[in-house]
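This is upload_34.cif (mmCIF, C-alpha atoms and all ligand atoms).
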data_upload
loop_
_atom_site.label_atom_id
_atom_site.label_comp_id
_atom_site.auth_asym_id
_atom_site.auth_seq_id
_atom_site.Cartn_x
_atom_site.Cartn_y
_atom_site.Cartn_z
CA MET A 1 -0.18 1.03 14.50
CA ASN A 2 3.56 0.98 15.19
CA VAL A 3 5.64 2.83 12.64
CA TYR A 4 9.43 2.43 12.65
CA SER A 5 12.18 4.60 11.26
CA TRP A 6 14.31 2.65 8.79
CA GLN A 7 17.36 2.98 11.04
CA GLU A 8 15.40 1.21 13.77
CA ALA A 9 13.69 -1.45 11.70
CA PRO A 10 12.86 -4.35 14.04
CA SER A 11 15.15 -7.35 13.66
CA ASP A 12 12.34 -9.88 14.08
CA ALA A 13 10.46 -8.76 10.93
CA GLN A 14 11.05 -10.01 7.39
CA PHE A 15 8.67 -7.87 5.33
CA ALA A 16 7.78 -4.18 5.31
CA VAL A 17 6.01 -1.38 3.52
CA ILE A 18 7.95 1.86 3.08
CA GLY A 19 6.41 5.26 2.42
CA ASP A 20 5.99 8.78 3.75
CA PRO A 21 3.57 9.16 5.43
CA ILE A 22 3.01 5.51 6.28
CA ASP A 23 0.99 5.49 9.51
CA HIS A 24 -2.36 4.84 7.77
CA SER A 25 -1.15 1.91 5.68
CA LEU A 26 -3.37 -1.19 5.88
CA SER A 27 -0.63 -3.42 4.44
CA PRO A 28 0.78 -4.67 7.78
CA GLN A 29 -2.66 -5.83 8.96
CA MET A 30 -3.36 -7.46 5.62
CA HIS A 31 -0.03 -9.26 5.22
CA ASN A 32 0.24 -10.35 8.85
CA ALA A 33 -3.22 -11.92 8.50
CA ALA A 34 -2.01 -13.69 5.36
CA PHE A 35 1.07 -15.08 7.14
CA ALA A 36 -1.11 -16.27 10.02
CA ALA A 37 -3.55 -17.97 7.63
CA LEU A 38 -0.61 -19.68 5.90
CA ASN A 39 0.99 -20.67 9.24
CA LEU A 40 4.15 -18.82 8.32
CA PRO A 41 6.29 -17.32 11.12
CA TYR A 42 6.79 -13.97 9.40
CA ARG A 43 6.17 -10.41 10.53
CA TYR A 44 5.37 -7.40 8.31
CA VAL A 45 5.91 -3.83 9.57
CA ALA A 46 5.42 -0.23 8.42
CA ILE A 47 8.59 1.79 7.97
CA GLN A 48 8.77 5.52 7.53
CA VAL A 49 11.33 6.56 4.92
CA PRO A 50 11.87 10.22 3.96
CA THR A 51 12.39 11.11 0.31
CA GLY A 52 16.05 10.85 -0.65
CA GLU A 53 16.73 8.00 1.82
CA VAL A 54 15.08 5.15 -0.07
CA LYS A 55 18.27 3.48 -1.31
CA ALA A 56 19.91 3.65 2.12
CA ALA A 57 16.77 2.27 3.74
CA LEU A 58 16.48 -0.65 1.31
CA SER A 59 20.16 -1.53 1.78
CA LYS A 60 19.74 -1.47 5.55
CA LEU A 61 16.67 -3.73 5.36
CA ALA A 62 18.49 -6.14 3.04
CA GLU A 63 21.43 -6.29 5.45
CA SER A 64 18.99 -6.95 8.28
CA ASN A 65 17.75 -10.03 6.39
CA TYR A 66 14.39 -8.62 5.36
CA ARG A 67 13.04 -10.53 2.36
CA GLY A 68 10.41 -8.35 0.77
CA VAL A 69 9.28 -4.74 0.71
CA ASN A 70 6.23 -3.00 -0.65
CA VAL A 71 6.80 0.56 -1.77
CA THR A 72 4.14 3.22 -1.59
CA VAL A 73 3.77 6.96 -2.19
CA PRO A 74 6.01 8.85 -2.82
CA HIS A 75 8.82 6.31 -3.33
CA LYS A 76 7.72 4.13 -6.24
CA GLU A 77 10.08 5.85 -8.66
CA GLU A 78 13.01 6.44 -6.30
CA ALA A 79 13.04 2.75 -5.29
CA ILE A 80 13.78 1.68 -8.88
CA GLY A 81 17.30 3.10 -8.39
CA TRP A 82 18.09 0.43 -5.79
CA CYS A 83 16.96 -2.50 -7.90
CA MET A 84 19.38 -4.37 -10.16
CA HIS A 85 16.57 -6.11 -12.02
CA VAL A 86 13.23 -4.60 -13.01
CA ASP A 87 10.94 -5.64 -15.83
CA GLY A 88 10.00 -3.57 -18.87
CA PHE A 89 6.70 -2.48 -17.33
CA VAL A 90 8.43 -0.97 -14.27
CA GLN A 91 10.80 0.90 -16.57
CA GLU A 92 7.99 2.19 -18.78
CA VAL A 93 5.79 3.47 -15.96
CA ARG A 94 8.70 4.43 -13.67
CA SER A 95 6.99 2.76 -10.73
CA VAL A 96 7.95 -0.23 -8.59
CA ASN A 97 5.74 -1.35 -5.69
CA THR A 98 7.16 -4.77 -4.77
CA ILE A 99 10.82 -5.62 -4.15
CA ASP A 100 12.58 -8.89 -3.44
CA LEU A 101 15.52 -7.72 -1.34
CA ARG A 102 17.56 -10.90 -1.74
CA ARG A 103 17.38 -10.79 -5.52
CA HIS A 104 17.55 -6.96 -5.77
CA SER A 105 14.58 -7.32 -8.04
CA GLY A 106 11.40 -5.26 -8.43
CA ILE A 107 7.99 -5.55 -10.06
CA ASN A 108 4.76 -3.56 -10.20
CA THR A 109 1.66 -5.41 -8.98
CA ASP A 110 -0.57 -2.29 -8.93
CA ALA A 111 -1.44 -2.53 -12.60
CA ASP A 112 -2.35 -6.23 -12.55
CA GLY A 113 -4.14 -5.74 -9.24
CA PHE A 114 -6.19 -3.00 -10.86
CA LEU A 115 -7.08 -5.06 -13.95
CA GLU A 116 -7.91 -8.04 -11.74
CA SER A 117 -10.29 -5.87 -9.70
CA LEU A 118 -12.27 -5.06 -12.86
CA ILE A 119 -13.11 -8.70 -13.55
CA GLY A 120 -16.80 -9.33 -12.98
CA ARG A 121 -17.43 -5.61 -12.47
CA VAL A 122 -17.35 -4.48 -16.10
CA GLY A 123 -18.99 -6.31 -19.00
CA ALA A 124 -16.83 -8.33 -21.39
CA ASP A 125 -17.54 -5.85 -24.20
CA SER A 126 -16.66 -2.78 -22.10
CA ARG A 127 -13.80 -1.05 -23.85
CA SER A 128 -14.13 2.70 -23.34
CA ALA A 129 -12.56 4.33 -20.28
CA LEU A 130 -12.15 7.85 -18.95
CA MET A 131 -9.31 8.45 -16.50
CA ILE A 132 -9.11 11.58 -14.35
CA GLY A 133 -5.58 12.44 -13.25
CA ALA A 134 -2.15 11.95 -14.76
CA GLY A 135 0.13 11.40 -11.75
CA GLY A 136 2.17 8.39 -10.67
CA SER A 137 -0.78 6.01 -10.15
CA ALA A 138 -2.40 7.09 -13.39
CA ARG A 139 0.77 6.27 -15.32
CA ALA A 140 0.76 2.57 -14.39
CA LEU A 141 -2.99 2.15 -14.72
CA ALA A 142 -3.23 3.97 -18.06
CA ARG A 143 -0.53 1.76 -19.53
CA ALA A 144 -2.27 -1.34 -18.15
CA LEU A 145 -5.67 -0.35 -19.55
CA VAL A 146 -4.32 0.38 -23.03
CA ARG A 147 -2.32 -2.86 -23.02
CA ASP A 148 -5.54 -4.64 -22.06
CA GLY A 149 -7.31 -3.23 -25.14
CA TRP A 150 -9.22 -0.28 -23.65
CA GLU A 151 -9.76 2.94 -25.58
CA LEU A 152 -8.69 5.49 -23.03
CA ARG A 153 -9.33 9.20 -22.59
CA ILE A 154 -7.29 11.07 -19.97
CA GLN A 155 -8.25 14.35 -18.32
CA ASN A 156 -6.08 16.19 -15.80
CA ARG A 157 -6.16 19.48 -13.93
CA THR A 158 -2.83 20.30 -15.58
CA PRO A 159 -3.64 19.55 -19.25
CA GLU A 160 0.01 19.26 -20.33
CA LYS A 161 0.47 16.22 -18.09
CA ALA A 162 -2.61 14.54 -19.57
CA ALA A 163 -1.26 15.18 -23.08
CA GLU A 164 2.16 13.80 -22.16
CA LEU A 165 0.76 10.65 -20.55
CA ALA A 166 -1.75 10.07 -23.34
CA SER A 167 0.93 10.26 -25.99
CA ALA A 168 3.25 7.96 -24.00
CA VAL A 169 0.65 5.20 -23.61
CA GLY A 170 -1.46 5.55 -26.76
CA ALA A 171 -4.51 7.22 -25.19
CA LYS A 172 -6.36 10.45 -26.02
CA ALA A 173 -5.99 13.56 -23.86
CA VAL A 174 -9.21 15.51 -23.25
CA THR A 175 -9.73 18.86 -21.57
CA GLU A 176 -13.23 18.29 -20.15
CA VAL A 177 -14.33 15.65 -17.66
CA ASP A 178 -16.99 14.14 -19.88
CA PRO A 179 -18.13 10.61 -19.02
CA THR A 180 -20.27 10.27 -22.17
CA GLY A 181 -19.88 6.80 -23.66
CA ALA A 182 -17.41 5.55 -21.04
CA ASP A 183 -17.93 2.09 -19.53
CA LEU A 184 -15.37 2.89 -16.83
CA ILE A 185 -14.62 6.22 -15.15
CA VAL A 186 -11.50 6.11 -12.95
CA ASN A 187 -10.49 8.78 -10.46
CA THR A 188 -6.74 8.60 -9.81
CA THR A 189 -6.44 12.12 -8.36
CA SER A 190 -5.73 13.07 -4.79
CA ALA A 191 -8.36 15.84 -4.95
CA TRP A 192 -10.42 14.33 -2.12
CA LEU A 193 -7.39 14.00 0.17
CA GLN A 194 -6.87 17.70 -0.32
CA GLY A 195 -10.48 18.49 0.52
CA ASP A 196 -11.39 19.32 -3.09
CA SER A 197 -14.12 17.73 -5.15
CA LEU A 198 -14.11 16.93 -8.85
CA ALA A 199 -16.91 18.33 -10.98
CA VAL A 200 -18.15 15.34 -12.96
CA PRO A 201 -21.34 15.78 -15.05
CA TRP A 202 -22.64 12.37 -13.97
CA GLU A 203 -25.94 12.87 -15.81
CA LYS A 204 -24.01 12.26 -19.06
CA ALA A 205 -22.68 8.88 -17.89
CA LYS A 206 -23.74 5.68 -19.58
CA PRO A 207 -26.24 3.65 -17.52
CA GLY A 208 -24.41 0.71 -15.96
CA ALA A 209 -20.98 2.35 -16.22
CA LEU A 210 -18.53 1.66 -13.39
CA ALA A 211 -17.17 4.56 -11.32
CA TYR A 212 -13.80 3.61 -9.82
CA ASP A 213 -12.04 5.67 -7.15
CA LEU A 214 -8.52 4.62 -6.21
CA ALA A 215 -9.05 6.29 -2.85
CA TYR A 216 -10.88 4.56 0.00
CA GLY A 217 -12.10 5.39 3.44
CA ALA A 218 -14.62 4.28 6.05
CA GLU A 219 -17.28 6.16 4.05
CA PRO A 220 -17.66 6.19 0.26
CA THR A 221 -15.67 9.03 -1.29
CA PRO A 222 -17.67 12.02 -2.62
CA PHE A 223 -16.82 10.86 -6.18
CA LEU A 224 -18.44 7.47 -5.53
CA LYS A 225 -21.37 8.94 -3.59
CA GLU A 226 -22.27 11.16 -6.54
CA ALA A 227 -21.82 8.32 -9.02
CA ALA A 228 -24.06 6.05 -6.94
CA ALA A 229 -26.69 8.80 -6.75
CA HIS A 230 -26.74 8.65 -10.56
CA ASN A 231 -27.23 4.87 -10.48
CA LEU A 232 -23.72 3.95 -11.52
CA SER A 233 -21.89 0.94 -10.12
CA THR A 234 -19.02 1.87 -7.83
CA ILE A 235 -15.75 0.45 -6.56
CA ASP A 236 -13.17 2.01 -4.25
CA GLY A 237 -9.44 1.32 -3.92
CA LEU A 238 -9.68 -1.54 -1.40
CA PRO A 239 -10.12 -4.47 -3.83
CA MET A 240 -7.07 -3.25 -5.74
CA LEU A 241 -5.11 -2.86 -2.48
CA ILE A 242 -5.92 -6.46 -1.58
CA GLU A 243 -5.09 -7.79 -5.04
CA GLN A 244 -1.76 -5.95 -5.38
CA GLY A 245 -0.82 -7.28 -1.94
CA ALA A 246 -1.88 -10.82 -2.85
CA LEU A 247 0.17 -10.71 -6.06
CA ALA A 248 3.19 -9.36 -4.14
CA LEU A 249 2.96 -12.15 -1.57
CA GLU A 250 2.66 -14.78 -4.31
CA TRP A 251 5.74 -13.39 -6.04
CA TRP A 252 7.79 -13.38 -2.82
CA LEU A 253 6.75 -16.78 -1.53
CA GLY A 254 5.51 -18.77 -4.52
CA VAL A 255 2.34 -19.80 -2.70
CA SER A 256 -1.28 -18.93 -3.34
CA ALA A 257 -2.33 -15.86 -1.30
CA PRO A 258 -5.19 -16.26 1.20
CA ARG A 259 -7.27 -13.40 -0.25
CA ASP A 260 -10.28 -13.97 2.05
CA ALA A 261 -8.13 -13.68 5.16
CA MET A 262 -6.46 -10.57 3.76
CA ARG A 263 -9.82 -8.99 2.97
CA ALA A 264 -11.25 -9.90 6.39
CA ALA A 265 -8.25 -8.30 8.13
CA ILE A 266 -8.97 -4.88 6.68
CA ASP A 267 -12.75 -5.01 6.43
CA GLY A 268 -14.40 -2.42 8.61
CA ARG A 269 -11.05 -0.62 8.83
P1 LIG B 1 -0.16 9.65 -7.26
O1 LIG B 1 1.23 9.08 -7.31
O2 LIG B 1 -0.95 9.19 -6.07
O3 LIG B 1 -0.90 9.49 -8.53
P2 LIG B 1 0.60 12.35 -7.88
O4 LIG B 1 1.63 11.82 -8.81
O5 LIG B 1 0.96 13.45 -6.96
O6 LIG B 1 0.02 11.21 -6.97
O7 LIG B 1 -0.68 12.78 -8.77
C1 LIG B 1 -1.78 13.39 -8.22
C2 LIG B 1 -2.84 13.61 -9.31
O8 LIG B 1 -3.98 14.20 -8.70
C3 LIG B 1 -2.42 14.56 -10.44
O9 LIG B 1 -3.05 14.17 -11.63
C4 LIG B 1 -2.96 15.90 -9.93
O10 LIG B 1 -3.22 16.85 -10.92
P3 LIG B 1 -2.06 17.86 -11.41
O11 LIG B 1 -1.23 17.09 -12.38
O12 LIG B 1 -2.77 18.99 -12.02
O13 LIG B 1 -1.29 18.23 -10.17
C5 LIG B 1 -4.28 15.43 -9.35
N1 LIG B 1 -4.82 16.37 -8.37
C6 LIG B 1 -4.32 16.65 -7.16
N2 LIG B 1 -5.11 17.54 -6.52
C7 LIG B 1 -6.14 17.81 -7.35
C8 LIG B 1 -7.28 18.66 -7.26
N3 LIG B 1 -7.51 19.39 -6.14
N4 LIG B 1 -8.13 18.68 -8.31
C9 LIG B 1 -7.90 17.96 -9.42
N5 LIG B 1 -6.83 17.13 -9.56
C10 LIG B 1 -5.97 17.07 -8.55
#
Take the structure in the file and give it back as C-alpha cells.
Amino acid sequence: MNVYSWQEAPSDAQFAVIGDPIDHSLSPQMHNAAFAALNLPYRYVAIQVPTGEVKAALSKLAESNYRGVNVTVPHKEEAIGWCMHVDGFVQEVRSVNTIDLRRHSGINTDADGFLESLIGRVGADSRSALMIGAGGSARALARALVRDGWELRIQNRTPEKAAELASAVGAKAVTEVDPTGADLIVNTTSAWLQGDSLAVPWEKAKPGALAYDLAYGAEPTPFLKEAAAHNLSTIDGLPMLIEQGALALEWWLGVSAPRDAMRAAIDGR
C-alpha cells in the first residue's frame, strides 16, 4: 500500500488515516470500498505522521481540502489539541479517532464500535468483564463498558496504571489475571505484537464466556487460540475496526455505511 508523508499528501484525496507506523492500516481498503459501494468519488489514503507533528499535519490536510481523518496509534491524544470541538467522552478518555477537518471537530467511534461488536456475541444478562491492559485503548473501552452497565475488573502488567484507570472509570483493579466469573475477557495489551504471551488460567473461565482480543492477524492470536482450546467463544479486533470505520463514515457523510462492502474489502487480508 502507498503511504504518504503529510507534507506530500495527494491533492486528489479527501480522507485519510494518520498514524506511525501506518503501512499496515486496513482503513484505506475499507473506506475506498465503502466510497465505491456508495458511488462517491472520494479517495482515502494512509499518511505517516511522526509524533509532535500531528497539529501541523492536520492543518496542512485541512488547507488541502481534506474532509475527514481517522487517527490511530500513537496520535489519538495529540490530535485532540488540534480540535476546537470535542465531546465529553473524548475529553474523559483523552482519545479522538475521527476528525471532521472542516468543522475542527472530533469524536471517538472506537468505544461505540467496540460495544456494537458485542451485540449478539454476549448474552443479554452478561455483566461481568475482565480487561487486561490499561493503555490508551483500554481507557476508552473501560469507560464504555462501565457506562454500559458492566462490572469491570482491570489487570495490568504495571499495577499502578490499572489502579489509576479503575478509579477513574469506576472499575476494580486486580493484580491477578483471573477469568473466574467473567462473561467477557478482553485483551487490550500489545503483548503479542512484542512477541510476548499473556498467562491466562483459561481453565477457570466460565463456560460460554467470550474472549476478545483487540489485535488481529491472518491467524488467530495466541490469546484467542488458547481461549478456543478451552471452548470459549472468540472475537478479534476486525469487527470493531469495521464498526468504528462505519460510524466514522456515517458521521462525516450522514449516510448509512455499507458494512458488508467494508467487511468484504478486508476479509482474507
Ligand atoms: P494502546 O494505545 O494500543 O492501548 P499503550 O497505551 O501503549 O497502547 O498500552 C499498551 C498496553 O499493553 C499497556 O497496558 C501495557 O502494559 P504496561 O502499562 O505495563 O506497559 C500492555 N503491555 C505491553 N506489552 C506487554 C507485555 N509484554 N505483557 C503484558 N502487557 C503488556
Grab me every residue within 8 Å of ligand LIG 1 (chain B), counting all atoms listed in the file, and send it over as a VMD selection string. chain A and resid 73 to 74 132 to 139 156 to 159 161 to 162 188 to 198
I'd like the neighbourhood of region 87-91 of chain A as a VMD selection string, where a residue qualifies if any of its atoms comes within 12 Å (using only C-alpha atoms), though same-chain residues fewer than 2 positions away should be ignored. chain A and resid 76 to 81 83 to 85 93 to 99 105 to 112 136 139 to 144 147 169
Residues within 7 Å of Ile235 (chain A), please, as a list of chain:residue names. Count all atoms listed in the file; anything in the same chain fewer than 3 positions from it doesn't count. A:Ala211, A:Tyr212, A:Asp213
Kindly indicate which residue among A:Ala209, A:Ala13, A:Met30, A:Ile22 lies nearest to Thr180 (chain A), using all atoms listed in the file for the distances.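 Closest candidate: A:Ala209.
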Contacts of Asp260 (chain A) at 9 Å or less, counting only C-alpha atoms, minus same-chain residues fewer than 4 places along, as a PDB file with C-alpha atoms, in the frame of the given file?
ATOM      1  CA  ALA A  34      -2.010 -13.690   5.360  1.00  0.00           C
ATOM      2  CA  ALA A 264     -11.250  -9.900   6.390  1.00  0.00           C
ATOM      3  CA  ALA A 265      -8.250  -8.300   8.130  1.00  0.00           C
TER       4      ALA A 265
END
Residue neighbourhood Lys60 (chain A), 10 Å, only C-alpha atoms, exclusion window fewer than 5 positions, as a list of chain:residue names: A:Trp6, A:Gln7, A:Glu8, A:Ala9, A:Val54, A:Lys55, A:Asn65, A:Tyr66
What does the distance between CA of Pro239 (chain A) and CA of Val255 (chain A) come to in Å, to one decimal place?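 Between CA of Pro239 (chain A) and CA of Val255 (chain A) the gap is 19.8 Å.
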Hey, can you check how far CA of Ile185 (chain A) sits from CA of Leu238 (chain A)? 16.5 Å
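With all atoms listed in the file as the basis for measurement, A:Val146 is the residue among A:Ala248, A:Gln29, A:Val146, A:Asp183 that approaches Ser167 (chain A) most closely.
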Which centre and which edge lengths, in Å to one decimal, describe the axis-aligned box that holds all listed atoms of region 139-143 of chain A after 6 Å is added on each side, as lines of an AutoDock Vina configuration file?
center_x = -1.2
center_y = 4.0
center_z = -17.0
size_x = 16.0
size_y = 16.5
size_z = 17.1
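For the pair CA of Val3 (chain A) and CA of Ala46 (chain A), the interatomic distance is 5.2 Å.
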Counting only C-alpha atoms, select every polymer residue within 10 Å of (-20.1, 2.2, -16.0) as defined in the file's coordinates, and provide the selection as number ranges by chain. A: 121-123, 126, 128-129, 179, 181-186, 205-212, 227, 231-234
Generate N, CA, C and O atoms for region 192-205 of chain A and emit them as an mmCIF file, in the coordinates of the input.
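The new file selection08.cif reads:
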data_model
loop_
_atom_site.group_PDB
_atom_site.id
_atom_site.type_symbol
_atom_site.label_atom_id
_atom_site.label_comp_id
_atom_site.auth_asym_id
_atom_site.auth_seq_id
_atom_site.Cartn_x
_atom_site.Cartn_y
_atom_site.Cartn_z
ATOM 1 N N TRP A 192 -9.645 14.533 -3.342
ATOM 2 C CA TRP A 192 -10.420 14.330 -2.120
ATOM 3 C C TRP A 192 -9.535 14.465 -0.876
ATOM 4 O O TRP A 192 -9.918 15.081 0.125
ATOM 5 N N LEU A 193 -8.326 13.914 -0.957
ATOM 6 C CA LEU A 193 -7.390 14.000 0.170
ATOM 7 C C LEU A 193 -7.076 15.445 0.507
ATOM 8 O O LEU A 193 -6.757 15.788 1.635
ATOM 9 N N GLN A 194 -7.163 16.287 -0.537
ATOM 10 C CA GLN A 194 -6.870 17.700 -0.320
ATOM 11 C C GLN A 194 -8.124 18.515 -0.040
ATOM 12 O O GLN A 194 -8.093 19.743 -0.060
ATOM 13 N N GLY A 195 -9.232 17.804 0.170
ATOM 14 C CA GLY A 195 -10.480 18.490 0.520
ATOM 15 C C GLY A 195 -11.181 19.114 -0.680
ATOM 16 O O GLY A 195 -12.124 19.890 -0.514
ATOM 17 N N ASP A 196 -10.739 18.790 -1.888
ATOM 18 C CA ASP A 196 -11.390 19.320 -3.090
ATOM 19 C C ASP A 196 -12.318 18.270 -3.683
ATOM 20 O O ASP A 196 -12.128 17.082 -3.472
ATOM 21 N N SER A 197 -13.296 18.722 -4.453
ATOM 22 C CA SER A 197 -14.120 17.730 -5.150
ATOM 23 C C SER A 197 -13.986 17.935 -6.655
ATOM 24 O O SER A 197 -13.636 19.018 -7.122
ATOM 25 N N LEU A 198 -14.218 16.874 -7.397
ATOM 26 C CA LEU A 198 -14.110 16.930 -8.850
ATOM 27 C C LEU A 198 -15.498 17.179 -9.412
ATOM 28 O O LEU A 198 -16.463 16.565 -8.957
ATOM 29 N N ALA A 199 -15.596 18.073 -10.377
ATOM 30 C CA ALA A 199 -16.910 18.330 -10.980
ATOM 31 C C ALA A 199 -17.115 17.376 -12.150
ATOM 32 O O ALA A 199 -16.561 17.579 -13.220
ATOM 33 N N VAL A 200 -17.871 16.314 -11.898
ATOM 34 C CA VAL A 200 -18.150 15.340 -12.960
ATOM 35 C C VAL A 200 -19.625 15.471 -13.357
ATOM 36 O O VAL A 200 -20.498 15.365 -12.488
ATOM 37 N N PRO A 201 -19.934 15.730 -14.620
ATOM 38 C CA PRO A 201 -21.340 15.780 -15.050
ATOM 39 C C PRO A 201 -21.902 14.372 -15.177
ATOM 40 O O PRO A 201 -22.018 13.819 -16.278
ATOM 41 N N TRP A 202 -22.234 13.776 -14.020
ATOM 42 C CA TRP A 202 -22.640 12.370 -13.970
ATOM 43 C C TRP A 202 -23.868 12.074 -14.821
ATOM 44 O O TRP A 202 -24.075 10.943 -15.258
ATOM 45 N N GLU A 203 -24.712 13.121 -15.042
ATOM 46 C CA GLU A 203 -25.940 12.870 -15.810
ATOM 47 C C GLU A 203 -25.622 12.426 -17.241
ATOM 48 O O GLU A 203 -26.457 11.824 -17.901
ATOM 49 N N LYS A 204 -24.383 12.683 -17.698
ATOM 50 C CA LYS A 204 -24.010 12.260 -19.060
ATOM 51 C C LYS A 204 -23.508 10.817 -19.099
ATOM 52 O O LYS A 204 -23.230 10.285 -20.169
ATOM 53 N N ALA A 205 -23.300 10.213 -17.926
ATOM 54 C CA ALA A 205 -22.680 8.880 -17.890
ATOM 55 C C ALA A 205 -23.619 7.809 -18.437
ATOM 56 O O ALA A 205 -24.846 7.919 -18.332
#
